[in-house]
$ cat upload-v4.txt   # compact mmCIF, C-alpha atoms and all ligand atoms
# COMPACT_ATOMS: atom_id res chain seq x y z
CA LEU A 1 4.91 10.70 -20.76
CA THR A 2 2.37 10.13 -23.52
CA VAL A 3 1.02 7.16 -25.44
CA PRO A 4 2.85 8.10 -28.69
CA LYS A 5 6.13 8.30 -26.75
CA ILE A 6 5.49 4.79 -25.38
CA ARG A 7 4.56 3.58 -28.89
CA ALA A 8 7.93 4.85 -30.15
CA ARG A 9 9.93 2.84 -27.60
CA LYS A 10 10.42 -0.26 -29.80
CA THR A 11 13.83 -1.80 -29.08
CA ASP A 12 15.88 -4.37 -30.99
CA GLY A 13 15.77 -6.76 -28.03
CA GLU A 14 19.25 -5.81 -26.81
CA THR A 15 20.05 -2.12 -27.11
CA GLY A 16 17.43 0.53 -26.34
CA GLU A 17 15.86 1.11 -22.94
CA PRO A 18 13.06 -1.33 -22.04
CA LEU A 19 9.74 0.06 -20.82
CA VAL A 20 9.10 -0.32 -17.10
CA MET A 21 5.54 -1.08 -16.01
CA LEU A 22 4.10 -2.08 -12.63
CA THR A 23 0.55 -2.43 -11.41
CA ALA A 24 -0.96 0.11 -9.00
CA TYR A 25 -4.44 0.06 -7.49
CA THR A 26 -4.29 2.91 -4.96
CA ALA A 27 -3.20 6.55 -4.89
CA ARG A 28 -0.36 5.98 -2.44
CA GLN A 29 1.00 2.98 -4.36
CA ALA A 30 0.92 5.12 -7.51
CA GLN A 31 2.82 7.96 -5.78
CA LEU A 32 5.54 5.57 -4.69
CA LEU A 33 5.93 3.78 -8.03
CA ASP A 34 5.27 6.64 -10.47
CA SER A 35 8.73 8.15 -10.86
CA HIS A 36 10.29 4.72 -11.45
CA CYS A 37 7.85 3.62 -14.14
CA ASP A 38 6.99 4.52 -17.72
CA LEU A 39 3.55 2.94 -17.33
CA LEU A 40 1.30 2.17 -14.37
CA LEU A 41 -1.28 -0.55 -14.96
CA VAL A 42 -4.52 -0.60 -13.01
CA GLY A 43 -4.76 -4.34 -13.58
CA ASP A 44 -7.86 -6.42 -13.08
CA SER A 45 -5.50 -8.54 -10.97
CA LEU A 46 -6.86 -6.26 -8.22
CA GLY A 47 -9.67 -8.82 -8.06
CA GLN A 48 -7.32 -11.28 -6.39
CA VAL A 49 -4.81 -8.86 -4.86
CA ILE A 50 -7.22 -6.34 -3.26
CA TYR A 51 -10.58 -8.11 -3.11
CA GLY A 52 -9.54 -11.73 -2.48
CA LEU A 53 -11.57 -13.01 -5.43
CA PRO A 54 -10.69 -16.40 -6.96
CA SER A 55 -9.95 -14.97 -10.45
CA THR A 56 -10.29 -11.76 -12.48
CA VAL A 57 -13.62 -12.93 -13.93
CA PRO A 58 -15.88 -11.27 -11.27
CA VAL A 59 -14.14 -7.85 -11.48
CA THR A 60 -16.56 -5.03 -12.42
CA LEU A 61 -16.31 -1.74 -14.34
CA ASP A 62 -17.09 0.15 -11.11
CA MET A 63 -14.13 -1.46 -9.34
CA MET A 64 -11.81 -0.61 -12.24
CA ALA A 65 -13.07 2.98 -12.56
CA ASN A 66 -12.70 3.69 -8.83
CA HIS A 67 -9.19 2.28 -8.52
CA ALA A 68 -8.10 3.91 -11.78
CA ALA A 69 -9.25 7.32 -10.51
CA ALA A 70 -7.21 6.82 -7.33
CA VAL A 71 -4.11 5.83 -9.33
CA VAL A 72 -4.46 8.82 -11.67
CA ARG A 73 -4.61 11.13 -8.63
CA GLY A 74 -1.35 9.63 -7.40
CA SER A 75 0.61 9.72 -10.66
CA TYR A 76 2.32 12.63 -12.39
CA HIS A 77 4.75 11.06 -14.84
CA ALA A 78 3.78 7.56 -15.94
CA VAL A 79 1.08 6.73 -18.49
CA VAL A 80 -1.83 5.15 -16.60
CA VAL A 81 -3.45 2.18 -18.37
CA VAL A 82 -6.69 0.59 -17.10
CA ASP A 83 -7.71 -3.01 -17.68
CA MET A 84 -11.14 -3.53 -19.19
CA PRO A 85 -12.79 -6.17 -16.98
CA PHE A 86 -14.29 -9.43 -18.23
CA GLY A 87 -17.73 -8.89 -19.78
CA SER A 88 -17.28 -5.18 -20.48
CA TYR A 89 -15.94 -5.36 -24.05
CA GLU A 90 -16.30 -8.78 -25.71
CA ALA A 91 -19.91 -8.58 -26.95
CA SER A 92 -19.34 -5.88 -29.58
CA LYS A 93 -17.06 -3.02 -30.51
CA GLU A 94 -19.81 -0.61 -29.47
CA GLN A 95 -19.99 -2.20 -26.01
CA ALA A 96 -16.21 -1.91 -25.79
CA PHE A 97 -16.28 1.77 -26.74
CA GLU A 98 -18.96 2.55 -24.16
CA SER A 99 -17.04 0.74 -21.39
CA ALA A 100 -13.67 2.20 -22.33
CA ALA A 101 -15.06 5.74 -22.60
CA ARG A 102 -16.62 5.35 -19.16
CA LEU A 103 -13.34 4.15 -17.66
CA MET A 104 -11.42 7.04 -19.19
CA LYS A 105 -14.00 9.71 -18.26
CA GLU A 106 -14.43 8.54 -14.68
CA SER A 107 -10.72 8.04 -14.00
CA GLY A 108 -8.73 10.31 -16.30
CA ALA A 109 -6.58 7.34 -17.39
CA ALA A 110 -4.78 7.67 -20.73
CA ALA A 111 -5.44 4.24 -22.20
CA VAL A 112 -7.16 0.88 -21.74
CA LYS A 113 -5.93 -2.69 -22.00
CA LEU A 114 -7.99 -5.65 -23.13
CA GLU A 115 -7.28 -9.38 -23.50
CA GLY A 116 -7.40 -11.31 -26.77
CA GLY A 117 -5.76 -11.30 -30.20
CA GLU A 118 -7.17 -11.71 -33.69
CA GLN A 119 -10.77 -11.85 -32.42
CA MET A 120 -10.39 -8.44 -30.70
CA ALA A 121 -8.52 -6.73 -33.57
CA GLU A 122 -11.64 -5.08 -35.02
CA THR A 123 -12.50 -3.71 -31.57
CA VAL A 124 -8.97 -2.40 -31.06
CA ALA A 125 -9.15 -0.55 -34.40
CA PHE A 126 -12.62 0.81 -33.57
CA LEU A 127 -11.46 2.23 -30.22
CA THR A 128 -8.14 3.57 -31.52
CA GLN A 129 -9.85 5.39 -34.43
CA ARG A 130 -12.21 6.99 -31.91
CA GLY A 131 -9.63 8.41 -29.51
CA ILE A 132 -9.01 5.53 -27.13
CA PRO A 133 -5.45 4.15 -27.08
CA VAL A 134 -5.47 0.38 -26.58
CA MET A 135 -2.83 -1.94 -25.14
CA GLY A 136 -3.24 -5.57 -26.20
CA HIS A 137 -2.67 -8.69 -24.08
CA VAL A 138 -1.88 -12.10 -25.62
CA GLY A 139 -0.64 -15.53 -24.56
CA LEU A 140 -1.89 -16.42 -21.11
CA THR A 141 -5.04 -14.32 -20.80
CA PRO A 142 -6.36 -14.78 -17.24
CA GLN A 143 -9.93 -13.71 -18.05
CA ALA A 144 -10.15 -16.86 -20.23
CA VAL A 145 -9.15 -19.14 -17.32
CA ASN A 146 -12.44 -21.06 -17.60
CA VAL A 147 -11.69 -21.88 -21.26
CA LEU A 148 -7.94 -22.43 -20.87
CA GLY A 149 -8.43 -24.53 -17.72
CA GLY A 150 -5.61 -22.91 -15.73
CA TYR A 151 -2.64 -20.59 -15.77
CA ALA A 152 -0.03 -22.80 -17.48
CA ALA A 153 2.43 -21.23 -19.93
CA ARG A 154 1.27 -20.99 -23.55
CA GLY A 155 2.98 -21.59 -26.88
CA ARG A 156 4.31 -25.12 -26.31
CA SER A 157 2.60 -26.60 -29.37
CA ASP A 158 3.19 -25.33 -32.91
CA ALA A 159 -0.49 -24.43 -33.29
CA GLU A 160 -0.50 -22.44 -30.05
CA ALA A 161 2.78 -20.73 -30.95
CA ASP A 162 1.48 -19.71 -34.41
CA LYS A 163 -1.72 -18.39 -32.84
CA ILE A 164 0.18 -16.22 -30.34
CA VAL A 165 2.38 -14.65 -33.03
CA GLY A 166 -0.68 -14.19 -35.28
CA ASP A 167 -2.62 -12.58 -32.43
CA ALA A 168 0.19 -10.10 -31.75
CA GLU A 169 0.42 -9.26 -35.48
CA ALA A 170 -3.35 -8.69 -35.70
CA LEU A 171 -3.33 -6.32 -32.69
CA ASP A 172 -0.33 -4.45 -34.13
CA ARG A 173 -2.09 -3.98 -37.48
CA ALA A 174 -5.25 -2.85 -35.65
CA GLY A 175 -3.29 -0.02 -34.00
CA ALA A 176 -2.52 -1.26 -30.48
CA PHE A 177 0.19 1.02 -29.03
CA ALA A 178 1.80 -1.83 -27.07
CA ILE A 179 1.09 -5.50 -26.36
CA VAL A 180 1.49 -7.44 -23.12
CA ILE A 181 2.81 -10.96 -23.71
CA GLU A 182 2.03 -13.09 -20.65
CA GLY A 183 3.11 -16.64 -19.76
CA VAL A 184 4.57 -17.62 -23.13
CA VAL A 185 7.60 -19.86 -23.80
CA GLU A 186 10.55 -17.61 -24.51
CA PRO A 187 11.22 -18.33 -28.22
CA ILE A 188 7.58 -17.55 -29.06
CA ALA A 189 7.66 -14.35 -26.98
CA ILE A 190 10.74 -13.30 -28.96
CA ALA A 191 9.12 -14.26 -32.29
CA ALA A 192 6.00 -12.22 -31.42
CA THR A 193 8.16 -9.28 -30.34
CA GLU A 194 10.10 -9.34 -33.61
CA ALA A 195 6.89 -9.70 -35.65
CA VAL A 196 5.27 -6.44 -34.47
CA SER A 197 6.12 -2.76 -34.87
CA CYS A 198 4.78 -1.71 -31.45
CA PRO A 199 6.60 -2.45 -28.18
CA THR A 200 5.84 -5.70 -26.39
CA ILE A 201 5.76 -5.84 -22.59
CA GLY A 202 6.63 -9.20 -21.13
CA ILE A 203 5.44 -10.99 -17.98
CA GLY A 204 6.65 -14.55 -17.90
CA ALA A 205 7.93 -13.99 -21.44
CA SER A 206 11.50 -12.80 -22.24
CA ALA A 207 14.07 -10.14 -21.37
CA ARG A 208 14.09 -9.46 -25.13
CA CYS A 209 10.59 -7.99 -24.97
CA ASP A 210 10.53 -4.19 -25.26
CA GLY A 211 9.47 -3.82 -21.64
CA GLN A 212 8.51 -5.75 -18.51
CA VAL A 213 5.54 -5.71 -16.13
CA LEU A 214 4.86 -7.37 -12.78
CA VAL A 215 2.10 -7.12 -10.21
CA ALA A 216 3.67 -4.75 -7.67
CA GLU A 217 2.46 -6.77 -4.67
CA ASP A 218 4.05 -9.93 -6.14
CA MET A 219 7.38 -8.18 -6.72
CA LEU A 220 7.27 -6.64 -3.23
CA GLY A 221 6.76 -10.03 -1.58
CA MET A 222 3.23 -9.54 -0.27
CA PHE A 223 2.27 -13.12 -1.18
CA GLU A 224 3.70 -16.49 -0.22
CA ARG A 225 2.71 -18.26 -3.45
CA VAL A 226 3.51 -16.51 -6.73
CA PRO A 227 3.91 -17.68 -10.32
CA ARG A 228 7.36 -18.85 -11.44
CA PHE A 229 7.89 -15.67 -13.49
CA VAL A 230 7.75 -13.42 -10.39
CA LYS A 231 10.93 -12.27 -8.74
CA LYS A 232 10.41 -11.25 -5.12
CA TYR A 233 12.58 -8.18 -4.58
CA GLU A 234 11.46 -7.73 -0.97
CA ASP A 235 9.58 -9.44 1.85
CA LEU A 236 6.87 -6.86 2.55
CA ALA A 237 4.60 -9.52 4.04
CA GLY A 238 7.31 -10.33 6.59
CA ILE A 239 7.86 -6.65 7.38
CA ILE A 240 4.12 -6.07 7.89
CA GLU A 241 3.76 -9.14 10.14
CA LYS A 242 6.80 -8.21 12.24
CA THR A 243 5.55 -4.62 12.59
CA ALA A 244 2.03 -5.71 13.59
CA ALA A 245 3.53 -8.08 16.18
CA LYS A 246 5.63 -5.23 17.65
CA TYR A 247 2.60 -2.93 17.87
CA ALA A 248 0.44 -5.65 19.45
CA GLU A 249 3.11 -6.40 22.04
CA GLU A 250 3.46 -2.71 23.00
CA VAL A 251 -0.31 -2.19 23.27
CA ARG A 252 -0.67 -5.29 25.46
CA ALA A 253 2.23 -4.13 27.68
CA ARG A 254 0.77 -0.57 27.87
CA ARG A 255 4.01 0.74 26.31
CA PHE A 256 2.04 2.31 23.46
CA PRO A 257 1.03 5.13 23.37
CA GLY A 258 4.11 6.67 24.99
CA GLU A 259 4.89 10.23 25.98
CA ASP A 260 5.46 11.33 22.35
CA GLN A 261 2.08 10.07 21.25
CA THR A 262 -0.11 11.55 24.01
CA TYR A 263 -1.51 15.07 24.55
CA GLN A 264 -1.08 16.78 27.93
CA PRO A 265 -2.83 19.96 29.20
CA LYS A 266 -0.73 23.15 28.80
CA ALA A 267 1.33 23.79 31.97
O1 LIG A 301 -4.07 -7.47 -14.30
C1 LIG A 301 -2.82 -7.41 -14.39
O2 LIG A 301 -2.12 -7.15 -13.40
C2 LIG A 301 -2.22 -7.64 -15.71
C3 LIG A 301 -0.73 -7.67 -15.80
C4 LIG A 301 -0.11 -8.69 -14.93
C5 LIG A 301 -0.24 -7.72 -17.19
O3 LIG A 301 -2.91 -7.77 -16.66
NA NA A 302 -5.13 -7.98 -16.28

$ encode --input "upload-v4.txt" --output "structure tokens"
Amino acid sequence: LTVPKIRARKTDGETGEPLVMLTAYTARQAQLLDSHCDLLLVGDSLGQVIYGLPSTVPVTLDMMANHAAAVVRGSYHAVVVVDMPFGSYEASKEQAFESAARLMKESGAAAVKLEGGEQMAETVAFLTQRGIPVMGHVGLTPQAVNVLGGYAARGRSDAEADKIVGDAEALDRAGAFAIVIEGVVEPIAIAATEAVSCPTIGIGASARCDGQVLVAEDMLGMFERVPRFVKKYEDLAGIIEKTAAKYAEEVRARRFPGEDQTYQPKA
């Protein structure tokens, strides 16, 4: 798959196949998810999911480049998109180009994603015109948690709703090839989707977006507490705990290793 093919996947909200995107941070996770996805996102959510950080704010370019390289090695089909971490792109369009180029060179990823609307439009155009495909991200933008004051859904007031639709339109005009709409009340997510020519990818948004994304670990049930918009399709945390308990019991009973797992001298 290629970025232009993703760009062409605009639906009418009902017919047309929605884009499937999941996060991946490691090579093995990428191998397992790749054939099921159109896009793999090396999200800065790895700050919380992998590193146990309190938010995405402390995530660094080095972290993103290393995990992106691992994901690219594990993927053959999906378009790999890398999040630009907080502080690596906001100061100027030149700073953004330098950071994005580094991410793409060090990882081999096909595109970057950055948070923000209208105020990032010039940067999105600058990168796109210089060979870097950009995915936008509007609505609830977790890197702005210290300004927003939390992770509550956006678009409940008229002013907020207008800003979200305006942000999506500005990114679309600037050349973003797709836009993530996160944590937005459904009618505004639909309005933003209908207002832009590129596909929108929803998370806590609407089934009428042109695609959906979730953090893979959330969807797999690795965490007890997840946002309302997550559907847990499995209980991986439970499976891991049960399996660890079985292993511990066998080690303590000297039932592991058994005959199959030990080497004996040739007879
Ligand atoms: O970092 C991330 O995982 C994301 C998606 C949830 C959109 O930005
Ligand atoms: Na992110």

$ residues_near_ligand --input "upload-v4.txt" --ligand "ligand LIG 301 (chain A)" --cutoff "6 Å" --atoms "only C-alpha atoms and all ligand atoms" --output "list of chain:residue names"
A:Thr23, A:Gly43, A:Asp44, A:Ser45, A:Leu214, A:Val215

$ closest_atom_pairs --input "upload-v4.txt" --of "chain A" --to "ligand NA 302 (chain A)" --cutoff "12 Å" --atoms "all atoms listed in the file" --output "tab-separated table"
residue	atom	partner	partner_atom	distance
A:Leu22	CA	A:NA302	NA	11.5
A:Thr23	CA	A:NA302	NA	9.3
A:Ala24	CA	A:NA302	NA	11.7
A:Tyr25	CA	A:NA302	NA	11.9
A:Leu41	CA	A:NA302	NA	8.5
A:Val42	CA	A:NA302	NA	8.1
A:Gly43	CA	A:NA302	NA	4.5
A:Asp44	CA	A:NA302	NA	4.5
A:Ser45	CA	A:NA302	NA	5.4
A:Leu46	CA	A:NA302	NA	8.4
A:Gly47	CA	A:NA302	NA	9.4
A:Gln48	CA	A:NA302	NA	10.7
A:Val49	CA	A:NA302	NA	11.5
A:Ser55	CA	A:NA302	NA	10.3
A:Thr56	CA	A:NA302	NA	7.4
A:Val57	CA	A:NA302	NA	10.1
A:Val59	CA	A:NA302	NA	10.2
A:Met64	CA	A:NA302	NA	10.7
A:Val81	CA	A:NA302	NA	10.5
A:Val82	CA	A:NA302	NA	8.7
A:Asp83	CA	A:NA302	NA	5.8
A:Met84	CA	A:NA302	NA	8.0
A:Pro85	CA	A:NA302	NA	7.9
A:Phe86	CA	A:NA302	NA	9.5
A:Val112	CA	A:NA302	NA	10.6
A:Lys113	CA	A:NA302	NA	7.8
A:Leu114	CA	A:NA302	NA	7.8
A:Glu115	CA	A:NA302	NA	7.7
A:Gly116	CA	A:NA302	NA	11.2
A:Met135	CA	A:NA302	NA	11.0
A:Gly136	CA	A:NA302	NA	10.4
A:His137	CA	A:NA302	NA	8.2
A:Val138	CA	A:NA302	NA	10.7
A:Leu140	CA	A:NA302	NA	10.2
A:Thr141	CA	A:NA302	NA	7.8
A:Pro142	CA	A:NA302	NA	7.0
A:Gln143	CA	A:NA302	NA	7.7
A:Ala144	CA	A:NA302	NA	10.9
A:Val145	CA	A:NA302	NA	11.9
A:Val180	CA	A:NA302	NA	9.5
A:Ile181	CA	A:NA302	NA	11.3
A:Glu182	CA	A:NA302	NA	9.8
A:Ile203	CA	A:NA302	NA	11.1
A:Val213	CA	A:NA302	NA	10.9
A:Leu214	CA	A:NA302	NA	10.6
A:Val215	CA	A:NA302	NA	9.5

$ closest_residue --input "upload-v4.txt" --among "A:Lys231, A:Phe177, A:Pro133, A:Asp12" --to "A:Ile190" --atoms "only C-alpha atoms"
A:Asp12

$ residues_around --input "upload-v4.txt" --residues "A:Thr2" --least-positions-apart "3" --cutoff "12 Å" --atoms "only C-alpha atoms" --output "compact mmCIF listing (two decimals) with C-alpha atoms, keeping the file's coordinate frame"
# COMPACT_ATOMS: atom_id res chain seq x y z
CA LYS A 5 6.13 8.30 -26.75
CA ILE A 6 5.49 4.79 -25.38
CA ARG A 7 4.56 3.58 -28.89
CA ALA A 8 7.93 4.85 -30.15
CA ARG A 9 9.93 2.84 -27.60
CA ASP A 38 6.99 4.52 -17.72
CA LEU A 39 3.55 2.94 -17.33
CA TYR A 76 2.32 12.63 -12.39
CA HIS A 77 4.75 11.06 -14.84
CA ALA A 78 3.78 7.56 -15.94
CA VAL A 79 1.08 6.73 -18.49
CA VAL A 80 -1.83 5.15 -16.60
CA VAL A 81 -3.45 2.18 -18.37
CA ALA A 109 -6.58 7.34 -17.39
CA ALA A 110 -4.78 7.67 -20.73
CA ALA A 111 -5.44 4.24 -22.20
CA PRO A 133 -5.45 4.15 -27.08
CA PHE A 177 0.19 1.02 -29.03

$ residues_around --input "upload-v4.txt" --residues "stretch 13-15 of chain A" --least-positions-apart "4" --cutoff "8 Å" --atoms "all atoms listed in the file" --output "number ranges by chain"
A: 207-210

$ closest_residue --input "upload-v4.txt" --among "A:Ile201, A:Ala178, A:Met120, A:Leu32" --to "A:Val134" --atoms "all atoms listed in the file"
A:Ala178

$ atom_distance --input "upload-v4.txt" --atom1 "atom CA of A:Thr243" --atom2 "atom CA of A:Gln264"
27.2 Å

$ atom_distance --input "upload-v4.txt" --atom1 "atom CA of A:Glu241" --atom2 "atom CA of A:Arg28"
20.1 Å

$ closest_residue --input "upload-v4.txt" --among "A:Thr200, A:Leu171, A:Tyr263, A:Ala69" --to "A:Val20" --atoms "all atoms listed in the file"
A:Thr200
